[in-house]
2 protein chains.
Amino acid sequence: MELFYARPECISADEIELDDFERKHILNSLRKAAGDLISVTDGQGNLYQTRLIKQKPVLQLKIESAEFIPESEAQICLAAGFIRPNRLEFILEKCTELGVNRFCLLRSEFSNYAVKNIKRFEKITRQAIKQSQRYYLPRIEIFNSLKDFLTAGGEYSFKFAAIDSSYPLLISKLDLRDPKENTSCCLVIGPEGGFSSDETAALEENKFIPVSLGKNRLRAETAAVCGISIIIQGLHN
Amino acid sequence: MELFYARPECISADEIELDDFERKHILNSLRKAAGDLISVTDGQGNLYQTRLIKQKPVLQLKIESAEFIPESEAQICLAAGFIRPNRLEFILEKCTELGVNRFCLLRSEFSNYAVKNIKRFEKITRQAIKQSQRYYLPRIEIFNSLKDFLTAGGEYSFKFAAIDSSYPLLISKLDLRDPKENTSCCLVIGPEGGFSSDETAALEENKFIPVSLGKNRLRAETAAVCGISIIIQGLHN
């Protein structure tokens, strides 16, 4: 099943209007025509089965049925230091596919890059939920420092910070024998160069468990995907 | 520590000659000069501490000490169906960082792409061992079918095939309580579209345990990195 995305404000009681990006995908790549069935999500748990009724001037879909899919999966937050934009985009794409619900992007002391193009980030996560057939769009939040993030952080049943290979492996800190369907987890990953000693201390004060992702030196984006892969399987076990 | 790579044939008893790519990195990016210390690996377990003695016409390094690092880590093989080249390159880069020792790239029934540029693949794995400070270059082998791979396959203590989400999670099939420092594992990942039913049957006949990587539909390259992340941490636990 191909899944398409529409912003909630473009969905009325019986019709959906898709944006240009989705329109081109449906008409030019998939060559759909009037009468064809199209599945659409609003990224807030709603799945619509619709029929294409008009191609021009805007693509119009008539809603035939709607279903609400409860968000049963574990709540997973990834907090990552700013890194080179293409590598950050990679984190957003892959970790959305894997199941992250919330991204906290933060300017840490050793971050050498700025975050500018939030619109592009949102486009990437939209594409990734379509790809992975998820019905919830992850939130993306920006913080000016690790401290700001720790203040606003939110509650999680597991809190991990990938610091370095001297700490125990992440997998050893997840209780894999006890399935926790509705548990929540936050993983913090530094930028290239890691966290400063002040930042590491602040993470520990805030009850983040320092963990290792293995003995090889990983790029920040590899570390993020590696850590989230383990957490997703560990919590859904 | 920055690590550089030299082909074994470019290493004599007391000198190392680096190729153009490494030369540019050392002289133009890092601005090293005569007398500076440079660490070099041959990708076969040898680590050389050298001193830069000459920049032109070729970059010459004098070996001051040599050390052999035994390959203690678990032997990990990733077998992946051909996919779009940039996505395959991504698999090679990330899974080398994570610790894969052997890549088997195979033309499976649903592969829509061909593999042409092995030289480029080798360049990517060379860069990745430098990045992750590994001293062993993974092998890359190409197979014309899944059957050819299964015939030549090799022995592994764990053999998994990521089939679909109806199977148990990969993490549940690793015995995480029993550390197996020297164990070996092979993970098979299909191309987009997965394996045919004949291929799935052949995998099961060859004792590959069918597993799931979670309920989300993952791109082939995300599945590869996710599976390898779990295996690496599971075996090194």
# chains A, B, ... in the order shown; residues from 1 in each chain; ligands from 1
call {"tool": "select_by_dssp", "arguments": {"residues": "stretch 140-231 of chain A", "states": "strand (DSSP E)", "output": "ChimeraX atom specification"}}
result
/A:140-143,158-162,184-189,209-211
call {"tool": "write_last_selection", "arguments": {"atoms": "N, CA, C and O atoms", "output": "PDB file, in the first residue's frame"}}
result
ATOM      1  N   ILE A 140       9.470  17.849  15.974  1.00  0.00           N
ATOM      2  CA  ILE A 140      10.869  18.301  15.925  1.00  0.00           C
ATOM      3  C   ILE A 140      10.966  19.572  16.759  1.00  0.00           C
ATOM      4  O   ILE A 140      10.242  20.537  16.509  1.00  0.00           O
ATOM      5  N   GLU A 141      11.823  19.559  17.771  1.00  0.00           N
ATOM      6  CA  GLU A 141      12.008  20.735  18.623  1.00  0.00           C
ATOM      7  C   GLU A 141      13.474  21.146  18.614  1.00  0.00           C
ATOM      8  O   GLU A 141      14.358  20.290  18.565  1.00  0.00           O
ATOM      9  N   ILE A 142      13.707  22.458  18.680  1.00  0.00           N
ATOM     10  CA  ILE A 142      15.076  22.975  18.642  1.00  0.00           C
ATOM     11  C   ILE A 142      15.399  23.604  20.005  1.00  0.00           C
ATOM     12  O   ILE A 142      14.568  24.341  20.547  1.00  0.00           O
ATOM     13  N   PHE A 143      16.581  23.333  20.528  1.00  0.00           N
ATOM     14  CA  PHE A 143      17.007  23.911  21.810  1.00  0.00           C
ATOM     15  C   PHE A 143      18.342  24.616  21.642  1.00  0.00           C
ATOM     16  O   PHE A 143      19.211  24.130  20.916  1.00  0.00           O
ATOM     17  N   PHE A 158      13.072   5.381  30.630  1.00  0.00           N
ATOM     18  CA  PHE A 158      14.510   5.124  30.451  1.00  0.00           C
ATOM     19  C   PHE A 158      15.161   6.378  29.882  1.00  0.00           C
ATOM     20  O   PHE A 158      14.625   6.968  28.941  1.00  0.00           O
ATOM     21  N   LYS A 159      16.298   6.764  30.452  1.00  0.00           N
ATOM     22  CA  LYS A 159      17.034   7.912  29.901  1.00  0.00           C
ATOM     23  C   LYS A 159      18.510   7.522  29.738  1.00  0.00           C
ATOM     24  O   LYS A 159      19.171   7.172  30.713  1.00  0.00           O
ATOM     25  N   PHE A 160      18.993   7.566  28.504  1.00  0.00           N
ATOM     26  CA  PHE A 160      20.371   7.160  28.207  1.00  0.00           C
ATOM     27  C   PHE A 160      21.122   8.289  27.513  1.00  0.00           C
ATOM     28  O   PHE A 160      20.534   9.049  26.734  1.00  0.00           O
ATOM     29  N   ALA A 161      22.413   8.355  27.785  1.00  0.00           N
ATOM     30  CA  ALA A 161      23.280   9.277  27.041  1.00  0.00           C
ATOM     31  C   ALA A 161      24.469   8.473  26.525  1.00  0.00           C
ATOM     32  O   ALA A 161      25.175   7.830  27.302  1.00  0.00           O
ATOM     33  N   ALA A 162      24.656   8.488  25.199  1.00  0.00           N
ATOM     34  CA  ALA A 162      25.798   7.777  24.605  1.00  0.00           C
ATOM     35  C   ALA A 162      27.030   8.647  24.804  1.00  0.00           C
ATOM     36  O   ALA A 162      27.163   9.687  24.163  1.00  0.00           O
ATOM     37  N   SER A 184       8.600   4.399  27.769  1.00  0.00           N
ATOM     38  CA  SER A 184       9.144   5.510  26.996  1.00  0.00           C
ATOM     39  C   SER A 184      10.644   5.606  27.245  1.00  0.00           C
ATOM     40  O   SER A 184      11.145   5.175  28.277  1.00  0.00           O
ATOM     41  N   CYS A 185      11.355   6.148  26.279  1.00  0.00           N
ATOM     42  CA  CYS A 185      12.810   6.163  26.361  1.00  0.00           C
ATOM     43  C   CYS A 185      13.371   7.397  25.654  1.00  0.00           C
ATOM     44  O   CYS A 185      12.876   7.790  24.599  1.00  0.00           O
ATOM     45  N   CYS A 186      14.369   8.000  26.250  1.00  0.00           N
ATOM     46  CA  CYS A 186      15.044   9.135  25.622  1.00  0.00           C
ATOM     47  C   CYS A 186      16.530   8.805  25.485  1.00  0.00           C
ATOM     48  O   CYS A 186      17.164   8.373  26.442  1.00  0.00           O
ATOM     49  N   LEU A 187      17.061   8.984  24.280  1.00  0.00           N
ATOM     50  CA  LEU A 187      18.492   8.759  24.042  1.00  0.00           C
ATOM     51  C   LEU A 187      19.123  10.079  23.613  1.00  0.00           C
ATOM     52  O   LEU A 187      18.608  10.758  22.722  1.00  0.00           O
ATOM     53  N   VAL A 188      20.213  10.443  24.277  1.00  0.00           N
ATOM     54  CA  VAL A 188      20.941  11.663  23.924  1.00  0.00           C
ATOM     55  C   VAL A 188      22.254  11.288  23.247  1.00  0.00           C
ATOM     56  O   VAL A 188      22.995  10.438  23.746  1.00  0.00           O
ATOM     57  N   ILE A 189      22.510  11.929  22.104  1.00  0.00           N
ATOM     58  CA  ILE A 189      23.723  11.679  21.310  1.00  0.00           C
ATOM     59  C   ILE A 189      24.417  13.024  21.099  1.00  0.00           C
ATOM     60  O   ILE A 189      23.746  14.004  20.746  1.00  0.00           O
ATOM     61  N   ILE A 209      21.536   7.754  32.068  1.00  0.00           N
ATOM     62  CA  ILE A 209      22.513   6.693  32.293  1.00  0.00           C
ATOM     63  C   ILE A 209      23.546   6.738  31.170  1.00  0.00           C
ATOM     64  O   ILE A 209      23.178   6.639  29.991  1.00  0.00           O
ATOM     65  N   PRO A 210      24.841   6.911  31.519  1.00  0.00           N
ATOM     66  CA  PRO A 210      25.863   6.932  30.454  1.00  0.00           C
ATOM     67  C   PRO A 210      26.063   5.533  29.877  1.00  0.00           C
ATOM     68  O   PRO A 210      26.200   4.577  30.637  1.00  0.00           O
ATOM     69  N   VAL A 211      26.030   5.414  28.577  1.00  0.00           N
ATOM     70  CA  VAL A 211      26.190   4.106  27.930  1.00  0.00           C
ATOM     71  C   VAL A 211      27.174   4.209  26.766  1.00  0.00           C
ATOM     72  O   VAL A 211      27.520   5.305  26.313  1.00  0.00           O
TER      73      VAL A 211
END
call {"tool": "interface_residues", "arguments": {"of": "chain A", "to": "chain B", "cutoff": "7 Å", "atoms": "only C-alpha atoms", "output": "PyMOL selection string"}}
result
chain A and resi 94+97-98+131-133+169+171-172+214+216-218+222+226+229-230+233+237
call {"tool": "residues_around", "arguments": {"residues": "stretch 194-204 of chain A", "least_positions_apart": "2", "cutoff": "8 Å", "atoms": "only C-alpha atoms", "output": "PDB file with N, CA and C atoms, in the first residue's frame"}}
result
ATOM      1  N   SER A 108      24.866  22.073  21.238  1.00  0.00           N
ATOM      2  CA  SER A 108      25.677  21.761  22.412  1.00  0.00           C
ATOM      3  C   SER A 108      27.004  22.504  22.292  1.00  0.00           C
ATOM      4  N   GLU A 109      27.811  22.425  23.324  1.00  0.00           N
ATOM      5  CA  GLU A 109      29.040  23.243  23.342  1.00  0.00           C
ATOM      6  C   GLU A 109      29.952  22.970  22.163  1.00  0.00           C
ATOM      7  N   PHE A 110      30.025  21.700  21.740  1.00  0.00           N
ATOM      8  CA  PHE A 110      30.940  21.366  20.643  1.00  0.00           C
ATOM      9  C   PHE A 110      30.238  21.304  19.276  1.00  0.00           C
ATOM     10  N   LEU A 146      22.139  22.298  25.712  1.00  0.00           N
ATOM     11  CA  LEU A 146      21.752  21.048  26.372  1.00  0.00           C
ATOM     12  C   LEU A 146      20.940  21.364  27.622  1.00  0.00           C
ATOM     13  N   LYS A 147      21.325  22.446  28.322  1.00  0.00           N
ATOM     14  CA  LYS A 147      20.639  22.830  29.557  1.00  0.00           C
ATOM     15  C   LYS A 147      19.154  23.141  29.272  1.00  0.00           C
ATOM     16  N   LEU A 150      17.400  19.949  28.879  1.00  0.00           N
ATOM     17  CA  LEU A 150      17.229  19.222  30.148  1.00  0.00           C
ATOM     18  C   LEU A 150      16.119  19.852  30.985  1.00  0.00           C
ATOM     19  N   ALA A 161      22.413   8.355  27.785  1.00  0.00           N
ATOM     20  CA  ALA A 161      23.280   9.277  27.041  1.00  0.00           C
ATOM     21  C   ALA A 161      24.469   8.473  26.525  1.00  0.00           C
ATOM     22  N   ILE A 163      27.902   8.242  25.709  1.00  0.00           N
ATOM     23  CA  ILE A 163      29.064   9.074  26.041  1.00  0.00           C
ATOM     24  C   ILE A 163      30.321   8.519  25.384  1.00  0.00           C
ATOM     25  N   ILE A 189      22.510  11.929  22.104  1.00  0.00           N
ATOM     26  CA  ILE A 189      23.723  11.679  21.310  1.00  0.00           C
ATOM     27  C   ILE A 189      24.417  13.024  21.099  1.00  0.00           C
ATOM     28  N   GLY A 190      25.721  13.074  21.296  1.00  0.00           N
ATOM     29  CA  GLY A 190      26.439  14.336  21.104  1.00  0.00           C
ATOM     30  C   GLY A 190      26.713  14.629  19.634  1.00  0.00           C
ATOM     31  N   PRO A 191      27.280  15.795  19.360  1.00  0.00           N
ATOM     32  CA  PRO A 191      27.752  16.072  18.002  1.00  0.00           C
ATOM     33  C   PRO A 191      29.090  15.359  17.816  1.00  0.00           C
ATOM     34  N   GLU A 192      29.732  15.476  16.641  1.00  0.00           N
ATOM     35  CA  GLU A 192      31.112  14.976  16.514  1.00  0.00           C
ATOM     36  C   GLU A 192      31.896  15.687  17.625  1.00  0.00           C
ATOM     37  N   ASN A 206      20.873  14.823  35.742  1.00  0.00           N
ATOM     38  CA  ASN A 206      19.488  14.662  35.305  1.00  0.00           C
ATOM     39  C   ASN A 206      19.117  13.204  35.063  1.00  0.00           C
ATOM     40  N   LYS A 207      19.909  12.300  35.675  1.00  0.00           N
ATOM     41  CA  LYS A 207      19.590  10.864  35.682  1.00  0.00           C
ATOM     42  C   LYS A 207      19.652  10.195  34.316  1.00  0.00           C
ATOM     43  N   PHE A 208      20.439  10.756  33.399  1.00  0.00           N
ATOM     44  CA  PHE A 208      20.698  10.037  32.151  1.00  0.00           C
ATOM     45  C   PHE A 208      21.793   9.009  32.421  1.00  0.00           C
ATOM     46  N   ILE A 209      21.536   7.754  32.068  1.00  0.00           N
ATOM     47  CA  ILE A 209      22.513   6.693  32.293  1.00  0.00           C
ATOM     48  C   ILE A 209      23.546   6.738  31.170  1.00  0.00           C
ATOM     49  N   PRO A 210      24.841   6.911  31.519  1.00  0.00           N
ATOM     50  CA  PRO A 210      25.863   6.932  30.454  1.00  0.00           C
ATOM     51  C   PRO A 210      26.063   5.533  29.877  1.00  0.00           C
TER      52      PRO A 210
END
call {"tool": "select_by_dssp", "arguments": {"residues": "stretch 2-166 of chain B", "states": "helix (DSSP H, G or I)", "output": "ChimeraX atom specification"}}
result
/B:8-10,20-29,85-98,118-132,146-152
call {"tool": "decode", "arguments": {"residues": "stretch 82-97 of chain B", "atoms": "all heavy atoms", "output": "PDB file, in the first residue's frame"}}
result
ATOM      1  N   PHE B  82      21.289  -6.566  -4.097  1.00  0.00           N
ATOM      2  CA  PHE B  82      21.641  -5.321  -4.791  1.00  0.00           C
ATOM      3  C   PHE B  82      20.500  -4.323  -4.648  1.00  0.00           C
ATOM      4  O   PHE B  82      19.341  -4.656  -4.874  1.00  0.00           O
ATOM      5  CB  PHE B  82      21.809  -5.555  -6.305  1.00  0.00           C
ATOM      6  CG  PHE B  82      22.973  -6.394  -6.697  1.00  0.00           C
ATOM      7  CD1 PHE B  82      23.109  -6.814  -8.014  1.00  0.00           C
ATOM      8  CD2 PHE B  82      23.943  -6.764  -5.783  1.00  0.00           C
ATOM      9  CE1 PHE B  82      24.184  -7.596  -8.414  1.00  0.00           C
ATOM     10  CE2 PHE B  82      25.027  -7.545  -6.172  1.00  0.00           C
ATOM     11  CZ  PHE B  82      25.132  -7.965  -7.491  1.00  0.00           C
ATOM     12  N   ILE B  83      20.840  -3.100  -4.290  1.00  0.00           N
ATOM     13  CA  ILE B  83      19.859  -2.014  -4.285  1.00  0.00           C
ATOM     14  C   ILE B  83      20.492  -0.819  -5.000  1.00  0.00           C
ATOM     15  O   ILE B  83      21.631  -0.913  -5.482  1.00  0.00           O
ATOM     16  CB  ILE B  83      19.409  -1.626  -2.852  1.00  0.00           C
ATOM     17  CG1 ILE B  83      20.623  -1.298  -1.969  1.00  0.00           C
ATOM     18  CG2 ILE B  83      18.590  -2.739  -2.221  1.00  0.00           C
ATOM     19  CD1 ILE B  83      20.261  -0.725  -0.602  1.00  0.00           C
ATOM     20  N   ARG B  84      19.788   0.288  -5.057  1.00  0.00           N
ATOM     21  CA  ARG B  84      20.305   1.488  -5.699  1.00  0.00           C
ATOM     22  C   ARG B  84      21.721   1.791  -5.167  1.00  0.00           C
ATOM     23  O   ARG B  84      21.922   1.778  -3.945  1.00  0.00           O
ATOM     24  CB  ARG B  84      19.353   2.642  -5.363  1.00  0.00           C
ATOM     25  CG  ARG B  84      19.528   3.889  -6.190  1.00  0.00           C
ATOM     26  CD  ARG B  84      18.669   4.985  -5.606  1.00  0.00           C
ATOM     27  NE  ARG B  84      17.245   4.723  -5.800  1.00  0.00           N
ATOM     28  CZ  ARG B  84      16.526   5.249  -6.796  1.00  0.00           C
ATOM     29  NH1 ARG B  84      17.080   6.063  -7.649  1.00  0.00           N
ATOM     30  NH2 ARG B  84      15.239   4.964  -6.905  1.00  0.00           N
ATOM     31  N   PRO B  85      22.693   2.084  -6.054  1.00  0.00           N
ATOM     32  CA  PRO B  85      24.087   2.200  -5.609  1.00  0.00           C
ATOM     33  C   PRO B  85      24.315   3.150  -4.423  1.00  0.00           C
ATOM     34  O   PRO B  85      25.061   2.803  -3.505  1.00  0.00           O
ATOM     35  CB  PRO B  85      24.813   2.693  -6.863  1.00  0.00           C
ATOM     36  CG  PRO B  85      23.991   2.170  -7.996  1.00  0.00           C
ATOM     37  CD  PRO B  85      22.573   2.196  -7.518  1.00  0.00           C
ATOM     38  N   ASN B  86      23.668   4.318  -4.396  1.00  0.00           N
ATOM     39  CA  ASN B  86      23.949   5.227  -3.278  1.00  0.00           C
ATOM     40  C   ASN B  86      23.455   4.639  -1.951  1.00  0.00           C
ATOM     41  O   ASN B  86      24.037   4.891  -0.899  1.00  0.00           O
ATOM     42  CB  ASN B  86      23.372   6.629  -3.518  1.00  0.00           C
ATOM     43  CG  ASN B  86      21.865   6.619  -3.643  1.00  0.00           C
ATOM     44  OD1 ASN B  86      21.277   5.592  -4.005  1.00  0.00           O
ATOM     45  ND2 ASN B  86      21.220   7.730  -3.349  1.00  0.00           N
ATOM     46  N   ARG B  87      22.429   3.825  -2.004  1.00  0.00           N
ATOM     47  CA  ARG B  87      21.931   3.199  -0.768  1.00  0.00           C
ATOM     48  C   ARG B  87      22.836   2.039  -0.352  1.00  0.00           C
ATOM     49  O   ARG B  87      23.041   1.785   0.825  1.00  0.00           O
ATOM     50  CB  ARG B  87      20.486   2.727  -0.959  1.00  0.00           C
ATOM     51  CG  ARG B  87      19.537   3.888  -1.240  1.00  0.00           C
ATOM     52  CD  ARG B  87      18.081   3.477  -1.299  1.00  0.00           C
ATOM     53  NE  ARG B  87      17.247   4.630  -1.555  1.00  0.00           N
ATOM     54  CZ  ARG B  87      16.789   5.453  -0.604  1.00  0.00           C
ATOM     55  NH1 ARG B  87      17.068   5.238   0.658  1.00  0.00           N
ATOM     56  NH2 ARG B  87      16.035   6.495  -0.926  1.00  0.00           N
ATOM     57  N   LEU B  88      23.375   1.357  -1.358  1.00  0.00           N
ATOM     58  CA  LEU B  88      24.316   0.272  -1.068  1.00  0.00           C
ATOM     59  C   LEU B  88      25.594   0.849  -0.445  1.00  0.00           C
ATOM     60  O   LEU B  88      26.164   0.290   0.497  1.00  0.00           O
ATOM     61  CB  LEU B  88      24.631  -0.459  -2.380  1.00  0.00           C
ATOM     62  CG  LEU B  88      25.183  -1.875  -2.303  1.00  0.00           C
ATOM     63  CD1 LEU B  88      24.382  -2.749  -1.346  1.00  0.00           C
ATOM     64  CD2 LEU B  88      25.171  -2.512  -3.696  1.00  0.00           C
ATOM     65  N   GLU B  89      26.034   1.992  -0.964  1.00  0.00           N
ATOM     66  CA  GLU B  89      27.232   2.643  -0.424  1.00  0.00           C
ATOM     67  C   GLU B  89      27.023   3.039   1.032  1.00  0.00           C
ATOM     68  O   GLU B  89      27.921   2.946   1.859  1.00  0.00           O
ATOM     69  CB  GLU B  89      27.560   3.893  -1.247  1.00  0.00           C
ATOM     70  CG  GLU B  89      28.101   3.528  -2.617  1.00  0.00           C
ATOM     71  CD  GLU B  89      28.249   4.714  -3.551  1.00  0.00           C
ATOM     72  OE1 GLU B  89      28.139   5.872  -3.073  1.00  0.00           O
ATOM     73  OE2 GLU B  89      28.470   4.492  -4.746  1.00  0.00           O
ATOM     74  N   PHE B  90      25.808   3.474   1.308  1.00  0.00           N
ATOM     75  CA  PHE B  90      25.446   3.824   2.660  1.00  0.00           C
ATOM     76  C   PHE B  90      25.557   2.608   3.591  1.00  0.00           C
ATOM     77  O   PHE B  90      26.086   2.684   4.706  1.00  0.00           O
ATOM     78  CB  PHE B  90      24.014   4.364   2.618  1.00  0.00           C
ATOM     79  CG  PHE B  90      23.404   4.506   3.947  1.00  0.00           C
ATOM     80  CD1 PHE B  90      23.601   5.646   4.683  1.00  0.00           C
ATOM     81  CD2 PHE B  90      22.647   3.486   4.487  1.00  0.00           C
ATOM     82  CE1 PHE B  90      23.048   5.763   5.940  1.00  0.00           C
ATOM     83  CE2 PHE B  90      22.090   3.601   5.730  1.00  0.00           C
ATOM     84  CZ  PHE B  90      22.302   4.746   6.461  1.00  0.00           C
ATOM     85  N   ILE B  91      25.077   1.466   3.130  1.00  0.00           N
ATOM     86  CA  ILE B  91      25.199   0.227   3.911  1.00  0.00           C
ATOM     87  C   ILE B  91      26.672  -0.083   4.183  1.00  0.00           C
ATOM     88  O   ILE B  91      27.069  -0.392   5.302  1.00  0.00           O
ATOM     89  CB  ILE B  91      24.548  -0.964   3.165  1.00  0.00           C
ATOM     90  CG1 ILE B  91      23.022  -0.832   3.162  1.00  0.00           C
ATOM     91  CG2 ILE B  91      24.972  -2.299   3.784  1.00  0.00           C
ATOM     92  CD1 ILE B  91      22.294  -1.995   2.484  1.00  0.00           C
ATOM     93  N   LEU B  92      27.492   0.024   3.132  1.00  0.00           N
ATOM     94  CA  LEU B  92      28.914  -0.302   3.282  1.00  0.00           C
ATOM     95  C   LEU B  92      29.582   0.625   4.286  1.00  0.00           C
ATOM     96  O   LEU B  92      30.343   0.191   5.156  1.00  0.00           O
ATOM     97  CB  LEU B  92      29.617  -0.213   1.924  1.00  0.00           C
ATOM     98  CG  LEU B  92      29.182  -1.269   0.901  1.00  0.00           C
ATOM     99  CD1 LEU B  92      29.706  -0.920  -0.492  1.00  0.00           C
ATOM    100  CD2 LEU B  92      29.665  -2.649   1.308  1.00  0.00           C
ATOM    101  N   GLU B  93      29.283   1.916   4.193  1.00  0.00           N
ATOM    102  CA  GLU B  93      29.911   2.890   5.095  1.00  0.00           C
ATOM    103  C   GLU B  93      29.507   2.637   6.546  1.00  0.00           C
ATOM    104  O   GLU B  93      30.350   2.481   7.437  1.00  0.00           O
ATOM    105  CB  GLU B  93      29.522   4.318   4.686  1.00  0.00           C
ATOM    106  CG  GLU B  93      30.143   5.374   5.592  1.00  0.00           C
ATOM    107  CD  GLU B  93      29.692   6.789   5.249  1.00  0.00           C
ATOM    108  OE1 GLU B  93      29.713   7.149   4.061  1.00  0.00           O
ATOM    109  OE2 GLU B  93      29.304   7.533   6.175  1.00  0.00           O
ATOM    110  N   LYS B  94      28.202   2.587   6.777  1.00  0.00           N
ATOM    111  CA  LYS B  94      27.712   2.504   8.156  1.00  0.00           C
ATOM    112  C   LYS B  94      28.025   1.150   8.787  1.00  0.00           C
ATOM    113  O   LYS B  94      28.378   1.072   9.965  1.00  0.00           O
ATOM    114  CB  LYS B  94      26.195   2.759   8.189  1.00  0.00           C
ATOM    115  CG  LYS B  94      25.813   4.154   7.722  1.00  0.00           C
ATOM    116  CD  LYS B  94      26.550   5.190   8.530  1.00  0.00           C
ATOM    117  CE  LYS B  94      26.434   6.571   7.972  1.00  0.00           C
ATOM    118  NZ  LYS B  94      27.622   7.382   8.361  1.00  0.00           N
ATOM    119  N   CYS B  95      27.878   0.077   8.027  1.00  0.00           N
ATOM    120  CA  CYS B  95      28.101  -1.246   8.616  1.00  0.00           C
ATOM    121  C   CYS B  95      29.590  -1.531   8.806  1.00  0.00           C
ATOM    122  O   CYS B  95      29.956  -2.315   9.678  1.00  0.00           O
ATOM    123  CB  CYS B  95      27.401  -2.322   7.789  1.00  0.00           C
ATOM    124  SG  CYS B  95      25.605  -2.157   7.887  1.00  0.00           S
ATOM    125  N   THR B  96      30.458  -0.884   8.019  1.00  0.00           N
ATOM    126  CA  THR B  96      31.895  -0.993   8.294  1.00  0.00           C
ATOM    127  C   THR B  96      32.221  -0.286   9.606  1.00  0.00           C
ATOM    128  O   THR B  96      32.932  -0.822  10.454  1.00  0.00           O
ATOM    129  CB  THR B  96      32.724  -0.384   7.142  1.00  0.00           C
ATOM    130  OG1 THR B  96      32.442  -1.109   5.952  1.00  0.00           O
ATOM    131  CG2 THR B  96      34.219  -0.460   7.434  1.00  0.00           C
ATOM    132  N   GLU B  97      31.683   0.919   9.779  1.00  0.00           N
ATOM    133  CA  GLU B  97      31.880   1.627  11.060  1.00  0.00           C
ATOM    134  C   GLU B  97      31.444   0.753  12.233  1.00  0.00           C
ATOM    135  O   GLU B  97      32.115   0.691  13.262  1.00  0.00           O
ATOM    136  CB  GLU B  97      31.015   2.896  11.109  1.00  0.00           C
ATOM    137  CG  GLU B  97      31.608   4.113  10.480  1.00  0.00           C
ATOM    138  CD  GLU B  97      30.650   5.295  10.631  1.00  0.00           C
ATOM    139  OE1 GLU B  97      30.289   5.655  11.759  1.00  0.00           O
ATOM    140  OE2 GLU B  97      30.241   5.840   9.596  1.00  0.00           O
TER     141      GLU B  97
END
